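Q: Okay, here's the structure, questions in a sec.
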Amino acid sequence: MSAPGTDEIVVDHLTKQYKKLRAVDDLSFRVRSGRVTGFLGPNGAGKTTTLRMLLGLVAPTAGTATFGDQRYADLHDPVRRVGAVLEASSAHRGRTGRNHLRMICRAAGLPDTRSDEVLEMVGLTPAANRKFKGYSLGMKQRLGIAAAMLGDPRVLILDEPANGLDPEGIRWMRDLLKALAGQGRTVLVSSHLLGEMQLLADDVVIVAAGKLIRQGPVDQVLGDMSGGVVVRVRTPQTEALTTALSELSATVTPGPEGSLLVHGAEAAAVGHAAFTAGVELHELATERGDLEQVFLQLTAGKAGIR
Amino acid sequence: MSLVNAELFKVRTTSLWWIMGLVLLPLYAASVLVNWANSNVTTPPDDAGVTDTQSAQIEAALEPINVATNLYTSGQFFGILIVLLLSAIIVTSEFFHLTATTTFLTTPRRESVILAKFGAAVVIGLAVWLITTVLNLIVVPPIMNNLELGSQLGEPAVWRAIGLNALAFVLWGVLGVGAGVLIRSQIAATLILAITYVVGSAAVSLIFFLLSEYVAEWISNLQVLVPTSASQLMISGTDLPGSPPRWVGAVVLIGYAIVTGFLGTWLTKRRDIS
Ligand SMILES: Nc1ncnc2c1ncn2[C@@H]1O[C@H](COP(=O)(O)OP(=O)(O)O)[C@@H](O)[C@H]1O
Ligand SMILES: [Mg+2]
C-alpha cells in the first residue's frame, strides 16, 4: 500500500466492543481526497461509532483510524484540518447561532469574523442572532456545516447530513459537498439512505453489523451487483406493454407511483417494442443499478436494525 | 488562555449567569440582615444550659473583630453556593446540551478543556467574591457604626478574612468543576450539590454534635474534613476556642479541590463521548 496522503482517511482494523455488542468489527478502508465517499449501512451498522472513533471522541477497542498517519487528537490544528458534522442537535438551546460559532472561533484561535463568513456561506445570516432552539432541523444541519467550515478544513466528515432536510436542502447539500470535493478536499458522508448516495457519492464504503461489506467506486460496486440495467416506464396500457416485452424475454415488475420496472432490456429496445405494439408511453428512463436491491443483497442477513 | 476565554464566553452567551445573579441578590441581602441580627445578640447567662466551650465560642464571636469579619464576608454562604452550581453546570451542560461533541472536536486534548473549565470557575468565583465584597464594603460600615463598633477596616484581620473569603470562592469553584465531571447528569449534580451544601452542612453539624456528645469528644475535630465546615473554619476571624487552627480548613479545601480536579480530568480523558 502506498503511504497515505495527509488528507486521506485511513481506517485500519478498527474495532469497538461494547459490553455485549461488537459495534465495529475489524473494519478497514481508505477515503481518498478529491472525491465524495459515501459511508453506507443500515441503522446500527456502526457508522456513527466509526466516525466518532475517527474523531477521537470514542476510544477504539483495537485498531486505528487516522488522517494520513496522525490520529485526530494528535493533529496540530484540528479545526483547520478536519471539519465534522456529527449530529444536528449539538448546540446549546439558549445560545444564538452566531455565538455558537464564535465560541468555536475563540477556542480554536480563529477571528470572530469567520463566523459571519460561514453563516453567509450556508445561508443562515438572517437567523444568526436567533437562539438555536428556534431553528428548524434543516437550519440546525446548516449551522453544523457552518461550524465544520470555520477552519476551512481539507477534510470534511458528515454523519447522516440529509436527516431532516427537505428536498431543496438535500439538493443544496449535494451541490455543496460535490463542490468541496471538486476543490480537492476529502469528503466522507454517512447515510442509511441509498438513493441519495447514488446521486452524491463517487466512492462507497458499505458496512453492516460493524463489518465491511464492499468498497469501491459507486459505478463499479453497482455494476458488479445489479444484474443489468433497469428501465422505468409509465403507460396507461400496462397489460399490452407486459405482453410486448415478454417477447424480448424481459421481466416487468411494479415500480414506484404506478410505474413499471423492466429488467433485462435496454431503454431503446423497450421503446421499440412499445412502438411496434402501438403502446402509448408517458415515461421511459434508464435507472442506474438499483442501489436498494444491491444493498439488500450485499448485506443479506445482516441488514436488520440492531 | 484562549480556552478559558472560550469557556467564559460560553457562560456569557446563555441566560444562566443572570438567572444565577438574580437568585443571588436577595439571598445576599438576607445574609447581611441575618449577620446583623446575630451581632445584636448578647452573651447568654451562665445558667442557660450551654457548655463552657459553647459560651466561650459565643463570647469570642461577639468580639468586635469577629463581628466585623463575619459581616465583611456576608454573602459567602450563598455566593459560594452559586459559584459551586455554576462551576458544576459549565461541565454538566456540555453533556446536557450535547455540546461536548463540539467542544472536544474543537479541542481534542481533553485535559486542556477541563483545565480551562477550572480556570473559568476560578474567574467566576473571583467575580462573585468581588461583587459581594464591594457590596459589603459599601453596606457594612454603616451597620458597624449602628452597632457602635466602628468600621474596623483598619484591622488587618478583617482584610485577611476578606482575602481568605476569596480563596474559599476559588476553591469551591474548582470543587464544583470536579463535582460536575464526577456527577455528569445536570439535574443530579445541581440537586446533590445544592442539597448537600445547604442541608448537608446543618445535618453534618448535628451528626458531629451527637457523635461527640455520645461517642467520643475527639470526633468533633473531624468535622473540619467536611468541605463546608472547612471553609467556615478557614475564614473565621480569629481562632475560635475548641476548633482546629484555620489553616487546617484551607488545607482540607485545597485537598478536595486537587482530588476532584485530578479525578475529574482523568475520568474525562477516559470517557467515550457519544
Ligand atoms: N455507548 C454505547 N453503548 C452500547 N452500545 C452502543 C453504544 N453506542 C452505540 N451502540 C450500539 O452500537 C451499534 C452501532 O451503532 P451506531 O454506530 O450508532 O450505528 P449507525 O450509526 O450505523 O446507525 C448499535 O447497535 C448501537 O446500539
Ligand atoms: Mg448513526
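Ligands are numbered from 1 in the order shown, chains are lettered A, B, ... in the order of the C-alpha cells, and residues start at 1 in each chain.
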Using only C-alpha atoms and all ligand atoms, find each residue with an atom at most 12 Å away from ligand 2 and format the answer as a PyMOL selection string.
A: (chain A and resi 23+39-52+85-88+158-163+189-193+207+210+305-306) or (chain B and resi 274)
Q: What residues in chain B lie within 6 Å of chain A, counting only C-alpha atoms, written as JSON, numbers by chain?
A: {"B": [2, 3, 6, 13, 14, 97, 98, 99, 106, 108, 272, 273]}
Q: Please produce a file of the residues just selected, as a compact mmCIF listing (two decimals), in the first residue's frame, where the atoms kept are all heavy atoms.
A:
```txt
# COMPACT_ATOMS: atom_id res chain seq x y z
N SER B 2 -6.79 31.23 25.65
CA SER B 2 -7.93 31.40 24.75
C SER B 2 -9.03 30.39 25.09
O SER B 2 -10.21 30.65 24.86
CB SER B 2 -7.48 31.22 23.30
OG SER B 2 -7.09 29.89 23.07
N LEU B 3 -8.64 29.27 25.68
CA LEU B 3 -9.65 28.29 26.06
C LEU B 3 -10.46 28.75 27.26
O LEU B 3 -11.67 28.54 27.33
CB LEU B 3 -8.99 26.94 26.37
CG LEU B 3 -8.50 26.15 25.15
CD1 LEU B 3 -7.89 24.82 25.59
CD2 LEU B 3 -9.62 25.91 24.17
N ALA B 6 -12.81 31.15 25.95
CA ALA B 6 -13.93 30.46 25.29
C ALA B 6 -14.93 29.94 26.32
O ALA B 6 -16.14 30.02 26.11
CB ALA B 6 -13.41 29.31 24.43
N THR B 13 -22.92 33.69 27.07
CA THR B 13 -23.86 33.68 25.94
C THR B 13 -25.09 32.82 26.20
O THR B 13 -25.83 32.51 25.28
CB THR B 13 -23.16 33.19 24.66
OG1 THR B 13 -22.46 31.97 24.95
CG2 THR B 13 -22.19 34.22 24.15
N THR B 14 -25.32 32.41 27.44
CA THR B 14 -26.61 31.80 27.77
C THR B 14 -27.20 32.60 28.93
O THR B 14 -26.52 33.43 29.53
CB THR B 14 -26.47 30.32 28.17
OG1 THR B 14 -25.65 30.24 29.33
CG2 THR B 14 -25.85 29.51 27.07
N HIS B 97 -26.63 19.51 27.04
CA HIS B 97 -26.98 20.14 25.76
C HIS B 97 -26.22 19.52 24.59
O HIS B 97 -26.22 20.07 23.49
CB HIS B 97 -26.72 21.64 25.82
CG HIS B 97 -27.63 22.36 26.77
ND1 HIS B 97 -28.92 22.67 26.45
CD2 HIS B 97 -27.44 22.79 28.02
CE1 HIS B 97 -29.49 23.28 27.47
NE2 HIS B 97 -28.61 23.37 28.44
N LEU B 98 -25.56 18.40 24.84
CA LEU B 98 -24.83 17.67 23.80
C LEU B 98 -23.76 18.52 23.12
O LEU B 98 -23.41 18.27 21.97
CB LEU B 98 -25.81 17.14 22.74
CG LEU B 98 -26.95 16.28 23.26
CD1 LEU B 98 -27.89 15.91 22.13
CD2 LEU B 98 -26.42 15.04 23.93
N THR B 99 -23.26 19.54 23.81
CA THR B 99 -22.22 20.37 23.20
C THR B 99 -20.84 19.78 23.41
O THR B 99 -19.87 20.28 22.86
CB THR B 99 -22.24 21.79 23.77
OG1 THR B 99 -22.23 21.70 25.20
CG2 THR B 99 -23.46 22.55 23.33
N THR B 106 -13.34 20.59 18.79
CA THR B 106 -12.54 21.81 18.67
C THR B 106 -11.22 21.66 19.43
O THR B 106 -10.18 22.10 18.96
CB THR B 106 -13.33 23.01 19.23
OG1 THR B 106 -14.64 22.99 18.68
CG2 THR B 106 -12.65 24.31 18.88
N PRO B 108 -9.39 18.55 20.98
CA PRO B 108 -9.38 17.12 21.30
C PRO B 108 -8.54 16.78 22.53
O PRO B 108 -8.75 15.72 23.11
CB PRO B 108 -8.80 16.47 20.04
CG PRO B 108 -8.26 17.56 19.20
CD PRO B 108 -8.85 18.84 19.65
N ASP B 272 -15.98 7.78 26.73
CA ASP B 272 -16.45 7.93 25.35
C ASP B 272 -17.47 9.06 25.31
O ASP B 272 -18.33 9.16 26.17
CB ASP B 272 -17.12 6.64 24.88
CG ASP B 272 -16.08 5.55 24.58
OD1 ASP B 272 -14.88 5.88 24.54
OD2 ASP B 272 -16.49 4.40 24.38
N ILE B 273 -17.35 9.91 24.30
CA ILE B 273 -18.32 10.99 24.12
C ILE B 273 -19.28 10.54 23.02
O ILE B 273 -18.92 10.50 21.86
CB ILE B 273 -17.63 12.30 23.70
CG1 ILE B 273 -16.47 12.64 24.63
CG2 ILE B 273 -18.63 13.44 23.62
CD1 ILE B 273 -16.86 12.91 26.06
```
Q: Rank nothing, just name the residue among A:Val24, A:Val218, A:Leu124, A:Ala179 nearest to ligand 1, using only C-alpha atoms and all ligand atoms.
A: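 Of A:Val24, A:Val218, A:Leu124, A:Ala179, the one nearest ligand 1 is A:Val24, counting only C-alpha atoms and all ligand atoms.
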Q: Smallest atom-to-atom distance to Gly163 (chain B): which of B:Ser93, B:Thr69, B:Thr103, B:Asn146, using only C-alpha atoms?
A: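 When distances to Gly163 (chain B) are compared using only C-alpha atoms, the smallest one comes from B:Thr69.
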Q: Could you pull the residues within 12 Å of Leu22 (chain B), counting only C-alpha atoms, minus those fewer than 6 positions along the same chain, as a PyMOL selection string?
A: chain B and resi 15-16+28-29+79+82
Q: Taking only C-alpha atoms and all ligand atoms into account, which of A:Glu196, A:Lys211, A:Val221, A:Pro126 comes nearest ligand 1?
A: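 Closest to ligand 1, using only C-alpha atoms and all ligand atoms: A:Lys211.
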Q: Tell me which protein, DNA and RNA residues are within 10 Å of Glu111 (chain B), counting only C-alpha atoms, leaving out same-chain ones fewer than 4 positions away, and put them as a list in words.
A: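 Here the answer would be Thr107, Leu115, Ala116, Lys117, Phe262, Gly264, Thr265, Trp266, Leu267, Thr268 and Lys269 of chain B.
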Q: Got time to write the residues from that selection, N, CA, C and O atoms, as a PDB file, in the first residue's frame?
A:
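Final file, part_35.pdb:
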```
ATOM      1  N   THR B 107     -11.286  21.028  20.591  1.00  0.00           N
ATOM      2  CA  THR B 107     -10.086  20.847  21.419  1.00  0.00           C
ATOM      3  C   THR B 107      -9.993  19.378  21.833  1.00  0.00           C
ATOM      4  O   THR B 107     -10.481  19.000  22.887  1.00  0.00           O
ATOM      5  N   LEU B 115      -8.987  21.821  32.190  1.00  0.00           N
ATOM      6  CA  LEU B 115      -8.156  22.854  32.807  1.00  0.00           C
ATOM      7  C   LEU B 115      -8.764  24.236  32.570  1.00  0.00           C
ATOM      8  O   LEU B 115      -8.820  25.077  33.478  1.00  0.00           O
ATOM      9  N   ALA B 116      -9.245  24.461  31.332  1.00  0.00           N
ATOM     10  CA  ALA B 116      -9.868  25.753  31.019  1.00  0.00           C
ATOM     11  C   ALA B 116     -11.122  25.958  31.851  1.00  0.00           C
ATOM     12  O   ALA B 116     -11.437  27.076  32.268  1.00  0.00           O
ATOM     13  N   LYS B 117     -11.855  24.872  32.103  1.00  0.00           N
ATOM     14  CA  LYS B 117     -13.067  24.996  32.919  1.00  0.00           C
ATOM     15  C   LYS B 117     -12.702  25.325  34.364  1.00  0.00           C
ATOM     16  O   LYS B 117     -13.388  26.118  35.022  1.00  0.00           O
ATOM     17  N   PHE B 262      -8.095  16.223  39.759  1.00  0.00           N
ATOM     18  CA  PHE B 262      -7.365  15.153  39.072  1.00  0.00           C
ATOM     19  C   PHE B 262      -8.292  14.025  38.664  1.00  0.00           C
ATOM     20  O   PHE B 262      -8.243  13.532  37.534  1.00  0.00           O
ATOM     21  N   GLY B 264     -11.454  14.198  38.095  1.00  0.00           N
ATOM     22  CA  GLY B 264     -12.322  14.677  37.023  1.00  0.00           C
ATOM     23  C   GLY B 264     -11.610  14.656  35.681  1.00  0.00           C
ATOM     24  O   GLY B 264     -12.158  14.217  34.668  1.00  0.00           O
ATOM     25  N   THR B 265     -10.365  15.124  35.641  1.00  0.00           N
ATOM     26  CA  THR B 265      -9.611  15.164  34.397  1.00  0.00           C
ATOM     27  C   THR B 265      -9.355  13.748  33.887  1.00  0.00           C
ATOM     28  O   THR B 265      -9.543  13.446  32.700  1.00  0.00           O
ATOM     29  N   TRP B 266      -8.987  12.885  34.789  1.00  0.00           N
ATOM     30  CA  TRP B 266      -8.693  11.501  34.417  1.00  0.00           C
ATOM     31  C   TRP B 266      -9.931  10.832  33.832  1.00  0.00           C
ATOM     32  O   TRP B 266      -9.870  10.191  32.779  1.00  0.00           O
ATOM     33  N   LEU B 267     -11.074  11.026  34.505  1.00  0.00           N
ATOM     34  CA  LEU B 267     -12.319  10.423  34.020  1.00  0.00           C
ATOM     35  C   LEU B 267     -12.704  10.971  32.653  1.00  0.00           C
ATOM     36  O   LEU B 267     -13.117  10.233  31.766  1.00  0.00           O
ATOM     37  N   THR B 268     -12.560  12.288  32.490  1.00  0.00           N
ATOM     38  CA  THR B 268     -12.955  12.906  31.226  1.00  0.00           C
ATOM     39  C   THR B 268     -12.103  12.385  30.074  1.00  0.00           C
ATOM     40  O   THR B 268     -12.576  12.238  28.953  1.00  0.00           O
ATOM     41  N   LYS B 269     -10.844  12.131  30.352  1.00  0.00           N
ATOM     42  CA  LYS B 269      -9.967  11.636  29.286  1.00  0.00           C
ATOM     43  C   LYS B 269     -10.344  10.222  28.856  1.00  0.00           C
ATOM     44  O   LYS B 269     -10.163   9.836  27.715  1.00  0.00           O
TER      45      LYS B 269
END
```
Q: If you run DSSP on the backbone here, which positions in region 46-162 of chain A get alpha helix (DSSP H)? Please write them as number ranges by chain.
A: A: 47-54, 78-81, 97-108, 113-121, 137-149
Q: Please identify all polymer residues within 10 Å of Phe96 (chain B), counting only C-alpha atoms, omitting same-chain residues fewer than 5 positions from it, and present them as number ranges by chain.
A: A: 90, 92; B: 89, 91, 184-187
Q: Using the selection just defined, write its residues with N, CA and C atoms as a short mmCIF file (atom, residue, chain, number, x, y, z; two decimals), in the first residue's frame.
A:
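What landed in out-v2.cif:
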```
data_model
loop_
_atom_site.label_atom_id
_atom_site.label_comp_id
_atom_site.auth_asym_id
_atom_site.auth_seq_id
_atom_site.Cartn_x
_atom_site.Cartn_y
_atom_site.Cartn_z
N SER A 90 -26.24 19.43 18.30
CA SER A 90 -25.15 19.58 19.25
C SER A 90 -24.78 21.04 19.51
N HIS A 92 -26.05 24.51 22.17
CA HIS A 92 -26.84 24.86 23.35
C HIS A 92 -28.13 25.53 22.90
N ILE B 89 -22.20 23.33 36.50
CA ILE B 89 -23.00 23.39 35.28
C ILE B 89 -22.13 23.65 34.05
N VAL B 91 -19.63 22.20 33.36
CA VAL B 91 -19.26 20.86 32.89
C VAL B 91 -20.50 20.10 32.44
N ARG B 184 -22.21 13.46 36.14
CA ARG B 184 -22.34 14.07 34.82
C ARG B 184 -23.76 14.56 34.52
N SER B 185 -24.74 13.99 35.22
CA SER B 185 -26.12 14.42 34.96
C SER B 185 -26.35 15.80 35.56
N GLN B 186 -26.82 16.71 34.72
CA GLN B 186 -27.00 18.10 35.15
C GLN B 186 -27.95 18.20 36.33
N ILE B 187 -29.08 17.50 36.24
CA ILE B 187 -30.09 17.61 37.29
C ILE B 187 -29.55 17.00 38.58
#
```
Q: Between CA of Ser259 (chain A) and CA of Thr238 (chain A), what distance in Å does the model show, to one decimal?
A: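 Separation between CA of Ser259 (chain A) and CA of Thr238 (chain A): 9.2 Å.
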Q: Show which residues sit within 9 Å of Pro227 (chain B), as a list of chain:residue names. Count only C-alpha atoms, and ignore same-chain residues fewer than 3 positions away.
A: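 My list of contacting residues is B:Trp172, B:Tyr197, B:Ser201, B:Gln223, B:Val224, B:Ala230, B:Ser231, B:Gln232, B:Gly249, B:Val252, B:Leu253, B:Tyr256.
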Q: In Å, with one decimal, what is the gap from CA of Leu233 (chain B) to CA of Leu263 (chain B)?
A: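 CA of Leu263 (chain B) lies 25.5 Å from CA of Leu233 (chain B).
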